[in-house]
$ cat structure.txt   # compact mmCIF, C-alpha atoms
# COMPACT_ATOMS: atom_id res chain seq x y z
CA MET A 1 39.89 -44.99 -211.17
CA LEU A 2 40.39 -43.18 -207.89
CA GLU A 3 37.31 -41.25 -206.88
CA LEU A 4 37.99 -37.76 -205.51
CA SER A 5 36.03 -36.42 -202.57
CA PRO A 6 34.38 -32.98 -203.06
CA PHE A 7 37.12 -31.51 -200.83
CA GLU A 8 39.91 -33.09 -202.88
CA ALA A 9 38.28 -31.97 -206.14
CA TRP A 10 38.20 -28.45 -204.70
CA LEU A 11 41.92 -28.61 -203.79
CA ARG A 12 42.72 -29.82 -207.30
CA SER A 13 40.78 -26.93 -208.86
CA PHE A 14 42.91 -24.45 -206.92
CA LYS A 15 46.07 -26.08 -208.21
CA GLU A 16 44.78 -26.07 -211.77
CA GLU A 17 43.35 -22.54 -211.39
CA GLN A 18 39.90 -23.66 -212.48
CA GLU A 19 36.78 -21.82 -211.28
CA CYS A 20 34.67 -23.90 -208.92
CA VAL A 21 32.30 -23.93 -205.95
CA LEU A 22 32.42 -26.06 -202.81
CA ALA A 23 29.08 -26.18 -200.99
CA THR A 24 28.99 -27.46 -197.40
CA ILE A 25 26.07 -28.12 -195.06
CA LEU A 26 26.78 -26.29 -191.83
CA PRO A 27 26.25 -28.10 -188.53
CA ILE A 28 23.75 -25.82 -186.82
CA ASN A 29 22.88 -28.09 -183.95
CA GLN A 30 25.99 -29.48 -182.32
CA LEU A 31 23.93 -32.37 -180.89
CA GLN A 32 23.36 -33.69 -184.37
CA ILE A 33 26.98 -33.72 -185.37
CA GLU A 34 28.03 -35.76 -188.32
CA LYS A 35 31.54 -36.77 -189.21
CA GLU A 36 30.91 -36.39 -192.92
CA PRO A 37 28.64 -33.41 -193.54
CA GLY A 38 26.89 -33.09 -196.90
CA ARG A 39 29.14 -31.59 -199.49
CA LEU A 40 28.89 -30.77 -203.16
CA PHE A 41 31.64 -29.71 -205.54
CA ILE A 42 30.63 -27.92 -208.73
CA SER A 43 33.04 -26.94 -211.49
CA LYS A 44 32.43 -24.27 -214.12
CA GLY A 45 32.33 -27.07 -216.67
CA ASN A 46 29.33 -28.44 -214.72
CA LEU A 47 31.11 -31.42 -213.20
CA THR A 48 29.57 -32.21 -209.81
CA ILE A 49 30.88 -34.46 -207.06
CA GLY A 50 29.11 -35.21 -203.78
CA ASP A 51 25.67 -34.77 -202.27
CA LEU A 52 23.98 -32.31 -199.92
CA GLY A 53 21.50 -34.96 -198.79
CA ASP A 54 18.45 -33.60 -200.61
CA ASP A 55 17.82 -33.57 -204.38
CA GLU A 56 16.03 -30.23 -204.36
CA ILE A 57 18.85 -28.54 -202.40
CA ASN A 58 21.47 -30.11 -204.69
CA LEU A 59 19.63 -28.63 -207.66
CA ARG A 60 19.19 -25.17 -206.15
CA VAL A 61 22.80 -24.96 -204.96
CA LYS A 62 24.02 -26.07 -208.37
CA GLU A 63 21.97 -23.28 -210.00
CA ILE A 64 23.33 -20.65 -207.58
CA ALA A 65 26.88 -21.96 -208.03
CA LEU A 66 26.77 -21.82 -211.81
CA ARG A 67 25.27 -18.33 -211.72
CA LYS A 68 28.06 -17.15 -209.41
CA LEU A 69 30.75 -18.73 -211.57
CA TYR A 70 29.69 -16.49 -214.45
CA GLU A 71 29.57 -13.28 -212.37
CA THR A 72 32.51 -10.90 -212.57
CA ASN A 73 32.98 -10.58 -208.84
CA PRO A 74 31.15 -13.43 -207.09
CA LYS A 75 31.04 -13.60 -203.30
CA SER A 76 31.13 -16.64 -201.06
CA GLU A 77 28.10 -16.76 -198.75
CA THR A 78 25.84 -18.89 -196.57
CA ARG A 79 22.37 -19.57 -197.97
CA THR A 80 19.47 -20.82 -195.90
CA PHE A 81 16.99 -23.24 -197.46
CA THR A 82 13.70 -24.23 -195.85
CA LEU A 83 12.57 -27.77 -196.55
CA PRO A 84 8.81 -28.47 -197.00
CA GLY A 85 8.65 -29.77 -193.40
CA GLY A 86 9.95 -26.42 -192.10
CA LYS A 87 13.46 -27.63 -191.33
CA GLU A 88 16.13 -25.10 -192.18
CA VAL A 89 19.34 -26.11 -193.89
CA HIS A 90 22.30 -23.73 -194.01
CA VAL A 91 24.70 -24.21 -196.88
CA PHE A 92 27.99 -22.37 -197.19
CA ILE A 93 28.73 -21.69 -200.84
CA ASP A 94 32.45 -21.08 -201.27
CA VAL A 95 33.37 -19.68 -204.67
CA TYR A 96 36.87 -20.03 -206.06
CA ILE A 97 37.94 -17.69 -208.82
CA PRO A 98 41.55 -17.88 -210.03
CA PRO A 99 43.75 -14.84 -209.44
CA SER A 100 43.37 -11.89 -211.78
CA GLU A 101 46.17 -10.81 -214.05
CA LEU A 102 47.72 -7.38 -214.44
CA MET A 103 49.42 -6.74 -217.76
CA ILE A 104 51.69 -3.72 -217.98
CA PHE A 105 52.71 -2.43 -221.40
CA GLY A 106 55.96 -0.51 -220.99
CA ALA A 107 58.81 -1.59 -218.69
CA GLY A 108 60.09 1.87 -217.78
CA HIS A 109 61.33 2.93 -214.38
CA ASP A 110 57.86 4.01 -213.23
CA ALA A 111 56.43 0.56 -214.06
CA MET A 112 58.55 -0.97 -211.31
CA PRO A 113 56.38 0.08 -208.33
CA VAL A 114 53.24 -0.78 -210.34
CA ALA A 115 54.54 -4.32 -210.89
CA LYS A 116 55.76 -4.62 -207.30
CA TYR A 117 52.41 -3.60 -205.77
CA ALA A 118 50.51 -5.78 -208.24
CA VAL A 119 52.60 -8.83 -207.27
CA SER A 120 52.07 -8.20 -203.56
CA LEU A 121 48.31 -7.83 -204.12
CA GLY A 122 48.25 -11.28 -205.70
CA PHE A 123 47.90 -10.35 -209.36
CA LYS A 124 49.67 -12.57 -211.84
CA THR A 125 51.76 -9.78 -213.29
CA THR A 126 53.10 -9.57 -216.84
CA LEU A 127 55.33 -6.92 -218.39
CA VAL A 128 55.19 -6.43 -222.14
CA ASP A 129 58.11 -4.52 -223.67
CA GLN A 130 60.42 -5.23 -226.57
CA ARG A 131 63.47 -3.83 -224.76
CA GLU A 132 65.19 -6.77 -223.07
CA PHE A 133 67.49 -4.52 -221.12
CA TYR A 134 64.52 -2.86 -219.38
CA ASN A 135 62.14 -5.79 -219.31
CA SER A 136 64.23 -7.95 -216.99
CA GLU A 137 63.73 -10.26 -214.01
CA GLU A 138 66.07 -8.06 -212.01
CA ARG A 139 63.88 -4.99 -212.45
CA PHE A 140 60.59 -6.89 -212.21
CA PRO A 141 60.94 -9.79 -209.77
CA SER A 142 58.14 -12.39 -209.57
CA THR A 143 56.59 -11.29 -212.88
CA ASN A 144 56.25 -12.83 -216.33
CA ARG A 145 58.01 -10.85 -218.99
CA LEU A 146 57.13 -10.84 -222.66
CA ILE A 147 59.72 -9.43 -225.03
CA ALA A 148 57.46 -8.44 -227.90
CA LYS A 149 57.19 -5.71 -230.51
CA THR A 150 53.75 -4.23 -231.12
CA SER A 151 53.62 -6.16 -234.41
CA GLU A 152 54.03 -9.42 -232.47
CA PHE A 153 51.22 -8.82 -229.93
CA GLN A 154 48.62 -10.78 -231.88
CA GLU A 155 50.79 -13.86 -231.77
CA LYS A 156 52.51 -13.55 -228.36
CA VAL A 157 50.14 -11.74 -225.98
CA LYS A 158 47.09 -13.53 -224.53
CA ILE A 159 44.43 -11.40 -222.84
CA GLY A 160 41.52 -12.92 -220.92
CA GLN A 161 38.40 -11.67 -219.13
CA ARG A 162 40.34 -11.22 -215.90
CA THR A 163 43.36 -9.51 -217.45
CA TYR A 164 43.57 -5.89 -216.24
CA ILE A 165 45.72 -3.71 -218.47
CA VAL A 166 47.94 -0.71 -217.82
CA VAL A 167 49.44 1.05 -220.84
CA MET A 168 52.49 3.12 -219.89
CA ASN A 169 55.02 3.04 -222.73
CA HIS A 170 55.82 6.77 -222.48
CA HIS A 171 55.87 6.64 -226.27
CA ILE A 172 52.80 7.88 -228.09
CA GLU A 173 53.10 5.72 -231.23
CA ARG A 174 53.74 2.60 -229.20
CA ASP A 175 50.78 3.41 -226.92
CA GLN A 176 48.62 3.89 -230.03
CA GLU A 177 49.70 0.54 -231.47
CA THR A 178 49.04 -1.06 -228.09
CA LEU A 179 45.54 0.45 -227.98
CA LYS A 180 44.72 -1.08 -231.39
CA PHE A 181 45.36 -4.46 -229.83
CA VAL A 182 44.09 -4.16 -226.25
CA LEU A 183 40.85 -2.27 -226.98
CA ARG A 184 39.73 -5.25 -229.11
CA SER A 185 40.53 -7.73 -226.29
CA PRO A 186 38.10 -9.11 -223.66
CA SER A 187 39.91 -7.20 -220.86
CA PRO A 188 37.58 -5.47 -218.35
CA TYR A 189 39.95 -2.56 -217.68
CA ILE A 190 42.43 -0.68 -219.83
CA GLY A 191 44.17 2.15 -217.99
CA VAL A 192 46.34 4.49 -220.04
CA LEU A 193 48.89 6.80 -218.44
CA GLY A 194 48.77 10.42 -219.53
CA PRO A 195 46.40 13.40 -219.67
CA ARG A 196 43.01 13.47 -221.38
CA SER A 197 44.42 15.51 -224.28
CA ARG A 198 46.82 12.69 -225.08
CA ARG A 199 43.98 10.17 -225.08
CA VAL A 200 41.99 12.36 -227.49
CA ARG A 201 45.03 12.81 -229.72
CA MET A 202 45.72 9.07 -229.88
CA LEU A 203 42.14 8.09 -230.66
CA LYS A 204 42.01 10.80 -233.36
CA ALA A 205 45.21 9.53 -234.93
CA LEU A 206 43.76 6.02 -234.96
CA GLU A 207 40.56 7.30 -236.59
CA GLU A 208 42.67 8.87 -239.30
CA GLU A 209 44.09 5.41 -239.91
CA GLY A 210 40.50 4.22 -240.28
CA ILE A 211 40.32 2.53 -236.88
CA TYR A 212 37.13 3.24 -234.96
CA PHE A 213 36.19 1.73 -231.61
CA GLU A 214 32.73 0.89 -230.32
CA LYS A 215 31.32 2.74 -227.32
CA GLU A 216 31.56 -0.50 -225.26
CA GLU A 217 35.22 -0.88 -226.16
CA LEU A 218 36.03 2.69 -225.11
CA GLU A 219 34.06 2.46 -221.87
CA ARG A 220 36.78 0.18 -220.50
CA MET A 221 39.46 2.77 -221.24
CA TYR A 222 40.50 4.73 -218.14
CA SER A 223 42.62 7.73 -219.05
CA PRO A 224 43.81 9.69 -217.15
CA ILE A 225 44.52 6.54 -215.16
CA GLY A 226 44.08 6.10 -211.41
CA LEU A 227 42.11 7.35 -208.44
CA ASP A 228 42.31 11.02 -207.54
CA ILE A 229 44.74 10.99 -204.60
CA GLY A 230 47.01 13.73 -205.87
CA ALA A 231 49.74 11.20 -206.69
CA VAL A 232 53.11 12.71 -207.59
CA SER A 233 55.95 10.20 -207.14
CA PRO A 234 56.13 6.92 -209.12
CA GLU A 235 55.13 5.07 -205.95
CA GLU A 236 52.10 7.27 -205.32
CA ILE A 237 51.08 6.97 -208.96
CA ALA A 238 51.40 3.19 -208.72
CA LEU A 239 49.18 3.24 -205.61
CA SER A 240 46.61 5.38 -207.41
CA ILE A 241 46.63 2.98 -210.41
CA LEU A 242 46.37 -0.19 -208.31
CA ALA A 243 43.62 1.34 -206.15
CA GLU A 244 41.61 1.92 -209.33
CA VAL A 245 42.30 -1.61 -210.62
CA VAL A 246 41.24 -3.18 -207.29
CA ALA A 247 38.09 -0.99 -207.15
CA LYS A 248 37.19 -2.08 -210.68
CA LYS A 249 37.90 -5.74 -209.88
CA ASN A 250 35.72 -5.62 -206.76
CA GLY A 251 32.93 -3.72 -208.45
CA HIS A 252 33.37 -0.58 -206.35
CA THR A 253 33.69 3.02 -207.50
CA GLY A 254 36.54 4.29 -205.30
CA GLY A 255 36.38 7.40 -203.12
CA PHE A 256 36.26 7.99 -199.38
CA LEU A 257 34.47 5.49 -197.12
CA GLN A 258 33.84 8.34 -194.68
CA ASP A 259 30.53 9.22 -196.31
CA SER A 260 29.48 5.84 -197.64
CA LYS A 261 26.84 3.72 -195.96
CA TYR A 262 28.63 0.36 -196.12
CA ILE A 263 32.24 -0.81 -196.20
CA HIS A 264 31.46 -3.99 -198.15
CA LYS A 265 28.82 -4.75 -200.70
CA SER A 266 26.79 -7.49 -199.03
CA ALA A 267 24.93 -10.35 -200.59
CA GLU A 268 21.40 -11.65 -199.96
CA THR A 269 21.29 -14.62 -197.65
CA LYS A 270 17.76 -15.93 -197.25
CA GLU A 271 16.32 -18.31 -199.79
CA LEU A 272 13.32 -20.59 -199.74
CA VAL A 273 13.34 -23.95 -201.47
CA MET B 1 42.32 -14.56 -203.38
CA TYR B 2 46.08 -14.77 -203.25
CA GLU B 3 46.11 -15.73 -199.58
CA ASN B 4 43.72 -18.61 -200.19
CA GLU B 5 46.25 -20.00 -202.65
CA LEU B 6 48.80 -19.98 -199.82
CA ILE B 7 46.33 -21.88 -197.62
CA ILE B 8 45.81 -24.49 -200.33
CA GLU B 9 49.57 -24.94 -200.61
CA ALA B 10 49.75 -25.34 -196.84
CA ILE B 11 46.92 -27.93 -196.85
CA ASP B 12 48.79 -29.84 -199.52
CA ARG B 13 52.07 -29.74 -197.64
CA THR B 14 50.48 -30.70 -194.32
CA ARG B 15 48.52 -33.61 -195.80
CA LYS B 16 51.64 -34.95 -197.54
CA SER B 17 53.70 -34.67 -194.35
CA GLY B 18 51.23 -36.93 -192.55
CA ARG B 19 50.27 -34.26 -189.99
CA LYS B 20 46.68 -33.71 -188.95
CA SER B 21 45.24 -30.25 -189.35
CA ALA B 22 42.01 -28.29 -189.20
CA LEU B 23 40.70 -25.73 -191.66
CA ALA B 24 38.75 -22.74 -190.37
CA THR B 25 36.58 -20.80 -192.83
CA VAL B 26 34.55 -17.64 -192.25
CA VAL B 27 31.09 -18.67 -193.47
CA SER B 28 28.92 -15.80 -192.30
CA VAL B 29 29.52 -12.21 -191.27
CA GLY B 30 27.01 -9.78 -189.80
CA GLY B 31 28.02 -6.17 -189.33
CA SER B 32 31.50 -4.88 -189.86
CA ALA B 33 34.11 -7.58 -189.45
CA TYR B 34 37.63 -7.35 -190.79
CA ARG B 35 37.48 -10.52 -192.88
CA ARG B 36 34.69 -11.60 -195.20
CA GLU B 37 33.04 -14.92 -196.09
CA GLY B 38 35.57 -17.34 -197.55
CA ALA B 39 38.59 -16.18 -195.52
CA LYS B 40 40.53 -19.18 -194.22
CA MET B 41 43.07 -20.28 -191.66
CA LEU B 42 44.83 -23.63 -191.36
CA VAL B 43 46.09 -24.93 -188.02
CA ASP B 44 48.12 -28.13 -187.81
CA GLU B 45 48.80 -30.43 -184.86
CA GLU B 46 52.12 -28.71 -184.25
CA ASP B 47 50.35 -25.36 -183.83
CA ASN B 48 51.54 -23.93 -187.14
CA MET B 49 49.01 -21.35 -188.32
CA ILE B 50 48.56 -19.88 -191.79
CA GLY B 51 46.01 -17.30 -192.87
CA MET B 52 43.75 -14.82 -191.08
CA ILE B 53 40.08 -15.17 -190.25
CA SER B 54 39.79 -11.91 -188.30
CA GLY B 55 41.80 -8.83 -187.52
CA GLY B 56 43.81 -10.86 -185.03
CA CYS B 57 41.34 -11.28 -182.16
CA LEU B 58 39.81 -14.68 -182.99
CA GLU B 59 42.84 -16.59 -184.25
CA SER B 60 44.05 -17.93 -180.91
CA ASP B 61 40.58 -19.08 -179.81
CA VAL B 62 39.94 -20.72 -183.18
CA ALA B 63 43.31 -22.46 -182.91
CA GLU B 64 42.17 -23.96 -179.56
CA VAL B 65 38.89 -25.15 -181.09
CA ALA B 66 40.86 -26.53 -184.04
CA LYS B 67 42.77 -28.81 -181.65
CA SER B 68 39.56 -30.41 -180.40
CA VAL B 69 38.33 -30.76 -184.00
CA MET B 70 41.54 -32.57 -184.95
CA LYS B 71 41.06 -34.88 -181.97
CA SER B 72 37.36 -35.65 -182.55
CA GLY B 73 37.49 -35.65 -186.35
CA THR B 74 34.14 -33.84 -186.36
CA PRO B 75 33.60 -30.39 -187.86
CA ILE B 76 31.93 -27.67 -185.83
CA LEU B 77 30.43 -24.26 -186.42
CA LYS B 78 31.50 -21.60 -183.97
CA THR B 79 29.69 -18.29 -183.59
CA TYR B 80 31.53 -15.25 -182.29
CA ASP B 81 29.42 -12.33 -181.25
CA LEU B 82 31.85 -9.47 -181.14
CA ASP B 83 29.35 -7.23 -179.37
CA GLU B 84 29.83 -9.20 -176.21
CA ASP B 85 33.01 -7.72 -174.94
CA LEU B 86 31.98 -8.99 -171.53
CA VAL B 87 32.71 -12.48 -172.76
CA TRP B 88 35.87 -11.53 -174.50
CA GLY B 89 36.92 -8.68 -172.34
CA LEU B 90 38.68 -7.30 -175.35
CA GLY B 91 36.58 -4.25 -175.99
CA LEU B 92 37.13 -4.55 -179.73
CA GLY B 93 34.63 -1.81 -180.47
CA CYS B 94 33.93 -3.39 -183.82
CA PRO B 95 30.39 -4.78 -183.64
CA GLY B 96 29.62 -7.84 -185.72
CA THR B 97 28.85 -11.53 -185.65
CA VAL B 98 31.22 -13.97 -187.29
CA LYS B 99 30.51 -17.65 -187.90
CA ILE B 100 33.46 -19.91 -188.44
CA TYR B 101 33.29 -23.47 -189.73
CA ILE B 102 36.17 -25.58 -188.46
CA GLU B 103 36.73 -28.94 -190.11
CA PRO B 104 39.36 -31.65 -189.76
CA VAL B 105 41.74 -32.22 -192.66
CA GLU B 106 43.13 -35.74 -192.66
CA PRO B 107 46.61 -36.59 -193.95
CA GLU B 108 46.72 -37.99 -197.46
CA ALA B 109 46.02 -41.73 -197.64
CA ILE B 110 49.12 -43.57 -198.81
$ encode --input "structure.txt" --output "structure tokens"
Amino acid sequence: MLELSPFEAWLRSFKEEQECVLATILPINQLQIEKEPGRLFISKGNLTIGDLGDDEINLRVKEIALRKLYETNPKSETRTFTLPGGKEVHVFIDVYIPPSELMIFGAGHDAMPVAKYAVSLGFKTTLVDQREFYNSEERFPSTNRLIAKTSEFQEKVKIGQRTYIVVMNHHIERDQETLKFVLRSPSPYIGVLGPRSRRVRMLKALEEEGIYFEKEELERMYSPIGLDIGAVSPEEIALSILAEVVAKKNGHTGGFLQDSKYIHKSAETKELV
Amino acid sequence: MYENELIIEAIDRTRKSGRKSALATVVSVGGSAYRREGAKMLVDEEDNMIGMISGGCLESDVAEVAKSVMKSGTPILKTYDLDEDLVWGLGLGCPGTVKIYIEPVEPEAI
């Protein structure tokens, strides 16, 4: 069997969209250059390939890698390890997380800019609507389209932990039926178009049907949807929605940077072995 | 994330074509730099460049370093201190230190 190098295993993980980490020893002193620097590939399934040249560092990096692979928004970073003799080793830990998905329920006219911006931001974008005439490749280029009635969701629609959801059917019963399905899913974000009064009305109607949601399930429901940018046109509304989705994905709260202390959330970098 | 997928595609294409290339990765950022850790750029021996590792100011220098990496076959770590506009003469006004790891990517063995 052909043995893959850590680098090749990393390339393969990208192609297969599998979470993984590639750790590389950085050449600090250019006088001690090596053609093949220490490298370790770690998959989420705990497959490891390669060696960082020290058992203790291999172990520590593996621990850090696995911890990152289970975080919602892990960051790549360089960690510094100090060996017992005082020698410092710098290891770049590069985390690969497959692209997130945006799933839009409702293929109306105003969903078009939402899908377009989502595609350009790198989301795998899916439209769910039973109306074939609306839910078409022509209207939604570069997206997946699912022609499905609400009664078919269970069987046809797959929602994962990185599937962000936007509900915009412009049809209160269909939105309600959609909520029954999506609020029980592992999705981290469920945005619903419409005012707060509509949200209250839908949840009340569902309660009357005997359907109650847990606090944790409702905490992921964002309605009214979007960041407060005074959006009016479909394009502005799409921008407001996607800005909220990206903020949620990156673990930020939105708002003006003007008054915030940092642009990026930074990670700790110093670690002793 | 999306852009890194484009880089991977480019690595794949370049390796299959038999061309040498070098992969530059931002491995450490201090202060406010445009790109963060993990951002990548691929440069091949015909000077094709894909991806961004800064707001546009480091790409051409990194591409030069990439050439020597392709020649020597040895990776290097390059530190850019963007405070030193004396060195760069660019007056970027965006203080920060960026470390970039540049490694050779060999064509696929046939």
$ interface_residues --input "structure.txt" --of "chain A" --to "chain B" --cutoff "9 Å" --atoms "all atoms listed in the file" --output "ChimeraX atom specification"
/A:11,14-15,26-30,33-37,75-78,92-100,120-123,262-264
$ closest_residue --input "structure.txt" --among "B:Ile102, B:Leu82, B:Ala63, B:Ala24" --to "B:Asn48" --atoms "only C-alpha atoms"
B:Ala63
$ residues_around --input "structure.txt" --residues "A:Ile225" --least-positions-apart "5" --cutoff "6 Å" --atoms "only C-alpha atoms" --output "PyMOL selection string"
chain A and resi 191-193
$ closest_residue --input "structure.txt" --among "A:Ser187, A:Asp175, A:Leu257, A:Glu88" --to "A:Glu101" --atoms "only C-alpha atoms"
A:Ser187
$ atom_distance --input "structure.txt" --atom1 "atom CA of A:Ala111" --atom2 "atom CA of A:Ser240"
12.8 Å
$ closest_residue --input "structure.txt" --among "B:Glu106, B:Tyr80, B:Gly96, B:Lys20" --to "B:Lys67" --atoms "only C-alpha atoms"
B:Lys20
$ residues_around --input "structure.txt" --residues "B:Met41" --least-positions-apart "3" --cutoff "7 Å" --atoms "only C-alpha atoms" --output "ChimeraX atom specification"
/B:7,23-25,49-53
$ atom_distance --input "structure.txt" --atom1 "atom CA of A:Ser136" --atom2 "atom CA of A:Tyr189"
24.9 Å
$ atom_distance --input "structure.txt" --atom1 "atom CA of A:Ala118" --atom2 "atom CA of A:Glu177"
24.1 Å
